[in-house]
Amino acid sequence: QVQLVESGGGLVQPGGSLRLSCAGSGIRLSMYANNWYRQAPGKQREFVAGIGSSGDTAAAASVKGRFTISRDNIKNTVDLQMNGLKREDTAAYYCNARRLRDDYWGQGTQVTVSS
């Protein structure tokens, strides 16, 4: 059974940092494209950042230069380092692993940026 479990969310002040982690079980994350998405209240889920099976990365324009995605193939985790957080980064963040017709999601972790 495949499970993706996110952790690391919480409340942070504007300008602060958080590091989200996604742990995979029943799946080798390095064989998938791994992505982080987020969904704010009343908005559609949107792509944040991704890392391919070959290690190439991509990030949404709104987070480029502030967020960094990485993968630890030994720990089987995918992390999202978030720096310079803004109020508009407030959302539930979801981990995703995708390959061909396989599409797995975690349960999400809440990030709230507020003073």
# chains A, B, ... in the order shown; residues from 1 in each chain; ligands from 1
>>> residues_around(residues="A:Thr109", least_positions_apart="4", cutoff="10 Å", atoms="only C-alpha atoms", output="list in words")
Val5, Glu6, Ser7, Gly8, Gly9, Gly10, Leu20, Ser21, Cys22, Arg38, Ala91, Ala92, Tyr93, Tyr94 and Cys95 of chain A
>>> residues_around(residues="A:Asn96", least_positions_apart="3", cutoff="12 Å", atoms="only C-alpha atoms", output="number ranges by chain")
A: 2-6, 21-24, 27, 29, 32-38, 45-52, 77-79, 93, 99, 102-108
>>> write_last_selection(atoms="N, CA and C atoms", output="JSON list (two decimals), in the first residue's frame")
[["chain", "number", "residue", "atom", "x", "y", "z"],
["A", 2, "VAL", "N", 0.61, 2.12, -0.94],
["A", 2, "VAL", "CA", 1.40, 3.34, -1.07],
["A", 2, "VAL", "C", 0.87, 4.41, -0.12],
["A", 3, "GLN", "N", 1.79, 5.03, 0.60],
["A", 3, "GLN", "CA", 1.42, 6.15, 1.47],
["A", 3, "GLN", "C", 2.43, 7.27, 1.31],
["A", 4, "LEU", "N", 1.93, 8.49, 1.25],
["A", 4, "LEU", "CA", 2.76, 9.68, 1.31],
["A", 4, "LEU", "C", 2.31, 10.47, 2.53],
["A", 5, "VAL", "N", 3.26, 10.78, 3.41],
["A", 5, "VAL", "CA", 2.91, 11.47, 4.65],
["A", 5, "VAL", "C", 3.72, 12.75, 4.74],
["A", 6, "GLU", "N", 3.02, 13.87, 4.76],
["A", 6, "GLU", "CA", 3.68, 15.17, 4.88],
["A", 6, "GLU", "C", 3.84, 15.57, 6.35],
["A", 21, "SER", "N", 8.38, 18.07, 4.72],
["A", 21, "SER", "CA", 8.94, 16.80, 4.31],
["A", 21, "SER", "C", 7.81, 15.84, 3.93],
["A", 22, "CYS", "N", 8.07, 15.03, 2.93],
["A", 22, "CYS", "CA", 7.11, 14.02, 2.47],
["A", 22, "CYS", "C", 7.83, 12.68, 2.52],
["A", 23, "ALA", "N", 7.31, 11.79, 3.34],
["A", 23, "ALA", "CA", 7.89, 10.46, 3.47],
["A", 23, "ALA", "C", 7.05, 9.45, 2.71],
["A", 24, "GLY", "N", 7.70, 8.64, 1.91],
["A", 24, "GLY", "CA", 6.99, 7.63, 1.13],
["A", 24, "GLY", "C", 7.15, 6.25, 1.74],
["A", 27, "ILE", "N", 6.52, 2.77, -1.79],
["A", 27, "ILE", "CA", 6.84, 3.42, -3.05],
["A", 27, "ILE", "C", 8.28, 3.91, -3.00],
["A", 29, "LEU", "N", 10.27, 6.74, -4.12],
["A", 29, "LEU", "CA", 9.99, 8.08, -4.65],
["A", 29, "LEU", "C", 10.90, 8.45, -5.81],
["A", 32, "TYR", "N", 9.68, 8.16, -9.40],
["A", 32, "TYR", "CA", 8.52, 8.96, -9.77],
["A", 32, "TYR", "C", 8.91, 10.42, -9.91],
["A", 33, "ALA", "N", 8.08, 11.16, -10.60],
["A", 33, "ALA", "CA", 8.15, 12.62, -10.50],
["A", 33, "ALA", "C", 7.48, 12.99, -9.18],
["A", 34, "ASN", "N", 8.18, 13.77, -8.37],
["A", 34, "ASN", "CA", 7.66, 14.17, -7.06],
["A", 34, "ASN", "C", 7.35, 15.65, -7.09],
["A", 35, "ASN", "N", 6.17, 15.99, -6.63],
["A", 35, "ASN", "CA", 5.71, 17.36, -6.69],
["A", 35, "ASN", "C", 5.12, 17.82, -5.37],
["A", 36, "TRP", "N", 5.18, 19.11, -5.16],
["A", 36, "TRP", "CA", 4.43, 19.76, -4.09],
["A", 36, "TRP", "C", 3.38, 20.66, -4.73],
["A", 37, "TYR", "N", 2.17, 20.53, -4.24],
["A", 37, "TYR", "CA", 1.07, 21.40, -4.63],
["A", 37, "TYR", "C", 0.54, 22.10, -3.38],
["A", 38, "ARG", "N", -0.23, 23.14, -3.58],
["A", 38, "ARG", "CA", -0.87, 23.81, -2.45],
["A", 38, "ARG", "C", -2.27, 24.26, -2.85],
["A", 45, "ARG", "N", -6.23, 23.99, -6.44],
["A", 45, "ARG", "CA", -4.92, 23.46, -6.10],
["A", 45, "ARG", "C", -3.94, 23.88, -7.19],
["A", 46, "GLU", "N", -2.76, 24.32, -6.78],
["A", 46, "GLU", "CA", -1.77, 24.77, -7.75],
["A", 46, "GLU", "C", -0.41, 24.12, -7.51],
["A", 47, "PHE", "N", 0.31, 23.97, -8.60],
["A", 47, "PHE", "CA", 1.66, 23.41, -8.56],
["A", 47, "PHE", "C", 2.60, 24.39, -7.87],
["A", 48, "VAL", "N", 3.46, 23.86, -7.01],
["A", 48, "VAL", "CA", 4.46, 24.69, -6.33],
["A", 48, "VAL", "C", 5.86, 24.39, -6.84],
["A", 49, "ALA", "N", 6.24, 23.12, -6.76],
["A", 49, "ALA", "CA", 7.58, 22.73, -7.19],
["A", 49, "ALA", "C", 7.60, 21.24, -7.46],
["A", 50, "GLY", "N", 8.54, 20.82, -8.31],
["A", 50, "GLY", "CA", 8.64, 19.41, -8.65],
["A", 50, "GLY", "C", 10.06, 18.99, -8.90],
["A", 51, "ILE", "N", 10.32, 17.70, -8.74],
["A", 51, "ILE", "CA", 11.63, 17.13, -9.04],
["A", 51, "ILE", "C", 11.41, 15.82, -9.78],
["A", 52, "GLY", "N", 12.06, 15.70, -10.93],
["A", 52, "GLY", "CA", 11.89, 14.51, -11.75],
["A", 52, "GLY", "C", 12.73, 13.35, -11.25],
["A", 77, "THR", "N", 12.53, 10.42, 1.00],
["A", 77, "THR", "CA", 11.75, 11.61, 1.34],
["A", 77, "THR", "C", 11.95, 12.69, 0.28],
["A", 78, "VAL", "N", 10.98, 13.57, 0.20],
["A", 78, "VAL", "CA", 11.06, 14.75, -0.66],
["A", 78, "VAL", "C", 10.76, 15.96, 0.21],
["A", 79, "ASP", "N", 11.66, 16.90, 0.24],
["A", 79, "ASP", "CA", 11.52, 18.07, 1.10],
["A", 79, "ASP", "C", 11.24, 19.33, 0.28],
["A", 93, "TYR", "N", -0.52, 22.24, 1.97],
["A", 93, "TYR", "CA", 0.50, 21.77, 1.03],
["A", 93, "TYR", "C", 0.43, 20.25, 0.91],
["A", 99, "ARG", "N", 3.68, 8.87, -11.99],
["A", 99, "ARG", "CA", 4.40, 8.18, -13.05],
["A", 99, "ARG", "C", 3.39, 7.47, -13.91],
["A", 102, "ASP", "N", 0.01, 6.18, -12.60],
["A", 102, "ASP", "CA", 0.04, 6.19, -11.14],
["A", 102, "ASP", "C", 0.11, 7.63, -10.65],
["A", 103, "ASP", "N", -0.75, 7.96, -9.70],
["A", 103, "ASP", "CA", -0.84, 9.33, -9.21],
["A", 103, "ASP", "C", -1.22, 9.26, -7.74],
["A", 104, "TYR", "N", -0.24, 9.49, -6.86],
["A", 104, "TYR", "CA", -0.46, 9.34, -5.43],
["A", 104, "TYR", "C", -0.35, 10.70, -4.73],
["A", 105, "TRP", "N", -1.18, 10.86, -3.68],
["A", 105, "TRP", "CA", -1.24, 12.11, -2.93],
["A", 105, "TRP", "C", -1.16, 11.86, -1.44],
["A", 106, "GLY", "N", -0.54, 12.78, -0.75],
["A", 106, "GLY", "CA", -0.57, 12.76, 0.70],
["A", 106, "GLY", "C", -1.82, 13.46, 1.22],
["A", 107, "GLN", "N", -1.94, 13.50, 2.54],
["A", 107, "GLN", "CA", -3.13, 14.07, 3.16],
["A", 107, "GLN", "C", -3.03, 15.58, 3.35],
["A", 108, "GLY", "N", -1.84, 16.11, 3.19],
["A", 108, "GLY", "CA", -1.64, 17.55, 3.29],
["A", 108, "GLY", "C", -1.15, 18.01, 4.64]]
>>> select_by_dssp(residues="chain A", states="strand (DSSP E or B)", output="PyMOL selection string")
chain A and resi 3-7+10-12+18-25+33-39+46-51+57-59+67-72+77-82+91-99+102-105+109-113
>>> residues_around(residues="A:Lys86", least_positions_apart="3", cutoff="8 Å", atoms="only C-alpha atoms", output="PyMOL selection string")
chain A and resi 14-15+89-90+113
